[in-house]
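> My structure file target_29.pdb, PDB, C-alpha atoms, is below:
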ATOM      1  CA  MET A   1      25.615   1.610 -15.915
ATOM      2  CA  ASP A   2      24.369  -1.938 -15.583
ATOM      3  CA  PHE A   3      24.721  -4.258 -12.594
ATOM      4  CA  PRO A   4      24.222  -7.742 -14.064
ATOM      5  CA  TYR A   5      25.149  -9.501 -10.821
ATOM      6  CA  LEU A   6      22.108  -7.913  -9.114
ATOM      7  CA  THR A   7      19.569  -9.145 -11.671
ATOM      8  CA  ARG A   8      19.665 -12.677 -10.258
ATOM      9  CA  PHE A   9      18.092 -11.312  -7.057
ATOM     10  CA  GLN A  10      15.226  -9.583  -8.881
ATOM     11  CA  PRO A  11      12.575 -12.318  -8.310
ATOM     12  CA  VAL A  12      13.279 -12.597  -4.594
ATOM     13  CA  LEU A  13      13.432  -8.819  -4.209
ATOM     14  CA  LEU A  14      10.015  -8.588  -5.873
ATOM     15  CA  SER A  15       8.646 -10.904  -3.174
ATOM     16  CA  LEU A  16      10.350  -8.834  -0.472
ATOM     17  CA  PHE A  17       8.971  -5.614  -1.993
ATOM     18  CA  ARG A  18       5.473  -7.159  -1.993
ATOM     19  CA  PHE A  19       5.811  -8.235   1.641
ATOM     20  CA  ILE A  20       7.107  -4.857   2.872
ATOM     21  CA  THR A  21       4.439  -2.932   0.930
ATOM     22  CA  GLY A  22       1.759  -5.184   2.440
ATOM     23  CA  LEU A  23       3.234  -4.792   5.929
ATOM     24  CA  LEU A  24       3.287  -0.997   5.698
ATOM     25  CA  LEU A  25      -0.339  -0.890   4.538
ATOM     26  CA  PHE A  26      -1.324  -3.491   7.160
ATOM     27  CA  GLN A  27       0.068  -1.271   9.922
ATOM     28  CA  TYR A  28      -2.215   1.574   8.817
ATOM     29  CA  GLY A  29      -5.197  -0.778   9.042
ATOM     30  CA  VAL A  30      -4.189  -1.878  12.536
ATOM     31  CA  ALA A  31      -3.724   1.728  13.655
ATOM     32  CA  LYS A  32      -7.089   2.819  12.235
ATOM     33  CA  LEU A  33      -9.193  -0.106  13.433
ATOM     34  CA  PHE A  34      -7.469  -1.317  16.600
ATOM     35  CA  LYS A  35      -5.918   1.984  17.716
ATOM     36  CA  PHE A  36      -2.460   0.444  17.966
ATOM     37  CA  PRO A  37      -0.309   2.362  18.157
ATOM     38  CA  ALA A  38      -2.577   5.076  19.486
ATOM     39  CA  LEU A  39      -2.293   7.981  17.067
ATOM     40  CA  PRO A  40      -4.279  11.208  17.435
ATOM     41  CA  MET A  41      -5.196  11.263  13.730
ATOM     42  CA  PHE A  42      -6.878   7.833  13.998
ATOM     43  CA  ALA A  43      -8.410   8.260  17.464
ATOM     44  CA  LYS A  44     -12.006   8.708  16.282
ATOM     45  CA  VAL A  45     -12.131   6.308  13.327
ATOM     46  CA  GLU A  46     -15.444   4.465  13.085
ATOM     47  CA  LEU A  47     -15.750   1.212  11.145
ATOM     48  CA  LEU A  48     -18.335   2.487   8.662
ATOM     49  CA  SER A  49     -16.641   5.820   8.027
ATOM     50  CA  LEU A  50     -14.363   6.536   5.071
ATOM     51  CA  TYR A  51     -11.307   5.988   7.285
ATOM     52  CA  GLY A  52     -12.843   2.792   8.658
ATOM     53  CA  VAL A  53     -13.436   1.313   5.214
ATOM     54  CA  ALA A  54      -9.916   2.324   4.174
ATOM     55  CA  GLY A  55      -8.526   0.725   7.332
ATOM     56  CA  THR A  56     -10.431  -2.486   6.620
ATOM     57  CA  LEU A  57      -9.058  -2.608   3.067
ATOM     58  CA  GLU A  58      -5.533  -1.933   4.318
ATOM     59  CA  LEU A  59      -5.796  -4.553   7.055
ATOM     60  CA  VAL A  60      -7.277  -7.350   4.943
ATOM     61  CA  LEU A  61      -5.601  -6.692   1.604
ATOM     62  CA  GLY A  62      -2.304  -5.678   3.211
ATOM     63  CA  GLY A  63      -2.353  -9.026   5.037
ATOM     64  CA  LEU A  64      -3.033 -10.844   1.767
ATOM     65  CA  LEU A  65      -0.134  -8.987   0.153
ATOM     66  CA  MET A  66       2.147  -9.990   3.012
ATOM     67  CA  ILE A  67       1.500 -13.701   2.437
ATOM     68  CA  GLY A  68       1.244 -13.274  -1.311
ATOM     69  CA  LEU A  69      -2.296 -14.570  -1.721
ATOM     70  CA  PHE A  70      -4.365 -12.977  -4.508
ATOM     71  CA  SER A  71      -1.461 -10.544  -4.867
ATOM     72  CA  ARG A  72      -2.447  -8.956  -8.166
ATOM     73  CA  LEU A  73      -6.083  -8.345  -7.217
ATOM     74  CA  SER A  74      -5.190  -7.106  -3.722
ATOM     75  CA  ALA A  75      -2.542  -4.754  -5.077
ATOM     76  CA  PHE A  76      -4.886  -3.432  -7.772
ATOM     77  CA  ILE A  77      -7.618  -2.612  -5.238
ATOM     78  CA  LEU A  78      -5.093  -1.020  -2.871
ATOM     79  CA  SER A  79      -3.688   1.055  -5.735
ATOM     80  CA  GLY A  80      -7.155   2.431  -6.398
ATOM     81  CA  GLU A  81      -7.698   3.074  -2.705
ATOM     82  CA  MET A  82      -4.454   5.040  -2.495
ATOM     83  CA  ALA A  83      -5.348   7.093  -5.583
ATOM     84  CA  PHE A  84      -8.728   7.807  -4.007
ATOM     85  CA  ALA A  85      -7.012   8.708  -0.713
ATOM     86  CA  TYR A  86      -4.753  11.180  -2.495
ATOM     87  CA  PHE A  87      -7.524  12.961  -4.361
ATOM     88  CA  ILE A  88     -10.039  12.987  -1.502
ATOM     89  CA  GLY A  89      -7.802  13.281   1.549
ATOM     90  CA  HIS A  90      -4.840  15.268   0.341
ATOM     91  CA  MET A  91      -5.382  17.216  -2.846
ATOM     92  CA  PHE A  92      -8.672  18.836  -1.865
ATOM     93  CA  ARG A  93      -7.917  20.065   1.633
ATOM     94  CA  GLY A  94      -9.509  23.431   2.101
ATOM     95  CA  ASP A  95     -11.045  25.654  -0.533
ATOM     96  CA  THR A  96      -8.511  25.302  -3.340
ATOM     97  CA  PRO A  97      -6.806  22.168  -4.647
ATOM     98  CA  VAL A  98      -3.161  21.834  -3.712
ATOM     99  CA  PHE A  99      -1.357  19.783  -6.362
ATOM    100  CA  LEU A 100       2.088  19.589  -4.798
ATOM    101  CA  PRO A 101       2.471  16.465  -2.643
ATOM    102  CA  LEU A 102       5.017  18.206  -0.422
ATOM    103  CA  LEU A 103       2.394  20.781   0.502
ATOM    104  CA  ASN A 104      -0.641  18.496   0.825
ATOM    105  CA  ARG A 105       1.201  15.608   2.547
ATOM    106  CA  GLY A 106       0.181  13.163  -0.155
ATOM    107  CA  THR A 107       3.601  11.702  -0.932
ATOM    108  CA  GLU A 108       2.940   8.400   0.870
ATOM    109  CA  ALA A 109      -0.401   7.925  -0.865
ATOM    110  CA  ILE A 110       1.213   8.468  -4.274
ATOM    111  CA  ILE A 111       4.084   6.091  -3.546
ATOM    112  CA  PHE A 112       1.706   3.410  -2.226
ATOM    113  CA  CYS A 113      -0.540   3.887  -5.266
ATOM    114  CA  PHE A 114       2.242   3.272  -7.763
ATOM    115  CA  ALA A 115       3.925   0.548  -5.700
ATOM    116  CA  CYS A 116       0.641  -1.353  -5.633
ATOM    117  CA  LEU A 117       0.026  -0.673  -9.311
ATOM    118  CA  TYR A 118       3.439  -2.177 -10.062
ATOM    119  CA  LEU A 119       2.658  -5.219  -7.911
ATOM    120  CA  ALA A 120      -0.671  -5.643  -9.704
ATOM    121  CA  ALA A 121       1.254  -5.887 -12.975
ATOM    122  CA  ALA A 122       4.308  -7.830 -11.746
ATOM    123  CA  GLY A 123       2.605 -10.272  -9.394
ATOM    124  CA  GLY A 124       3.752 -11.535  -6.026
ATOM    125  CA  GLY A 125       7.071 -13.051  -6.981
ATOM    126  CA  PRO A 126       8.407 -16.561  -6.333
ATOM    127  CA  VAL A 127       8.127 -16.456  -2.535
ATOM    128  CA  SER A 128       4.347 -16.163  -2.236
ATOM    129  CA  ALA A 129       1.251 -18.243  -1.630
ATOM    130  CA  ASP A 130       0.225 -17.545  -5.229
ATOM    131  CA  ALA A 131       3.477 -19.089  -6.520
ATOM    132  CA  ALA A 132       3.141 -22.070  -4.180
ATOM    133  CA  MET A 133      -0.418 -22.726  -5.366
ATOM    134  CA  GLY A 134       0.676 -22.405  -8.987
ATOM    135  CA  LYS A 135       3.264 -25.192  -8.563
ATOM    136  CA  LYS A 136       0.617 -27.776  -7.636
TER     137      LYS A 136
END
Just give me the structure of the file as structure tokens.

Amino acid sequence: MDFPYLTRFQPVLLSLFRFITGLLLFQYGVAKLFKFPALPMFAKVELLSLYGVAGTLELVLGGLLMIGLFSRLSAFILSGEMAFAYFIGHMFRGDTPVFLPLLNRGTEAIIFCFACLYLAAAGGGPVSADAAMGKK
């Protein structure tokens, strides 16, 4: 079943998808680095730790995704970070690998990985700093 009347919104929805994905990743960076909101799992994050580097990437590149600046590069790096997060932080918890995302709590990392991979291929959309710079 096709919905041709929705296809006219596709470019703007791509920009909205990019913004929301960036905002969600940005919030993780804020929580890890600035402890806001204060979450027990991010209470002891140090800047030069694995979580600290991930938080820095999420803060900076998530912010760039939100405004749509260097969207493809930012999304590509974040996609790799999320793949790394899944394999290091979720799949290999304990002695044996747990492949099911429902069991290892890796669903968000997988979704972020493929959302960012899509954005790396599709670009930031028409409502972005990249698009505005391209019109000059």
> What is the distance, in Å and to one decimal place, between atom CA of Leu48 of chain A and atom CA of Phe34 of chain A?
14.0 Å
> For this file, the PyMOL selection byres ((chain A and resi 75) around 9) selects which residues, as a list in words?
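That expression, the PyMOL selection byres ((chain A and resi 75) around 9), corresponds here to Arg18, Gly22, Leu61, Gly62, Leu65, Phe70, Ser71, Arg72, Leu73, Ser74, Phe76, Ile77, Leu78, Ser79, Gly80, Cys113, Ala115, Cys116, Leu117, Tyr118, Leu119, Ala120, Ala121 and Gly123 of chain A.
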> Kindly indicate which residue among A:Val98, A:Gly68, A:Arg93, A:Leu25 lies nearest to Gly124 of chain A, using all atoms listed in the file for the distances.
A:Gly68
> Compare A:Phe26, A:Phe17, A:Phe84, A:Phe36 by their minimum atom-to-atom distance to Leu50 of chain A, counting all atoms listed in the file, and give me the closest one.
A:Phe84
> What would the selection look like, as an NGL selection string, if the PyMOL selection byres ((chain A and resi 14) around 9) were run on the coordinates I just shared?
:A and (9-13 or 15-19 or 119 or 122-127)
> List every protein, DNA or RNA residue that has at least one atom no more than 10 Å from (-10.6, 1.6, 12.6) in the file's coordinates, counting all atoms listed in the file, and write the result as a list in words.
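So the residues meeting the distance criterion are Tyr28, Gly29, Val30, Ala31, Lys32, Leu33, Phe34, Lys35, Phe36, Phe42, Ala43, Lys44, Val45, Glu46, Leu47, Leu48, Ser49, Leu50, Tyr51, Gly52, Val53, Ala54, Gly55, Thr56 and Leu59 of chain A.
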> Atom CA of Phe92 of chain A and atom CA of Glu58 of chain A are how many Å apart?
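Separation between atom CA of Phe92 of chain A and atom CA of Glu58 of chain A: 21.9 Å.
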> Enter the distance from atom CA of Gln27 of chain A to atom CA of Pro97 of chain A, in Å, rounded to one decimal.
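Between atom CA of Gln27 of chain A and atom CA of Pro97 of chain A the gap is 28.4 Å.
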> Would you kindly return, as a PyMOL selection string, each protein, DNA or RNA residue with an atom no farther than 6 Å from any atom of Asp130 of chain A, considering only C-alpha atoms and excluding same-chain residues fewer than 2 positions away?
chain A and resi 68-69+128+132-133
> Could you tell me which of A:His90, A:Ala38, A:Gly63, A:Leu6 comes closest to Leu102 of chain A if we count all atoms listed in the file?
A:His90
> For a quick check of understanding, using only C-alpha atoms, which of A:Ile67, A:Pro101, A:Gly134, A:Ile110 has the smallest distance to Met82 of chain A?
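Looking only at the distances to Met82 of chain A, the closest residue turns out to be A:Ile110.
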> Under the rule that all atoms listed in the file are counted, which of A:Ala109, A:Asn104, A:Leu24, A:Pro4 is the nearest residue to Tyr86 of chain A?
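Result for the nearest residue to Tyr86 of chain A: A:Ala109.
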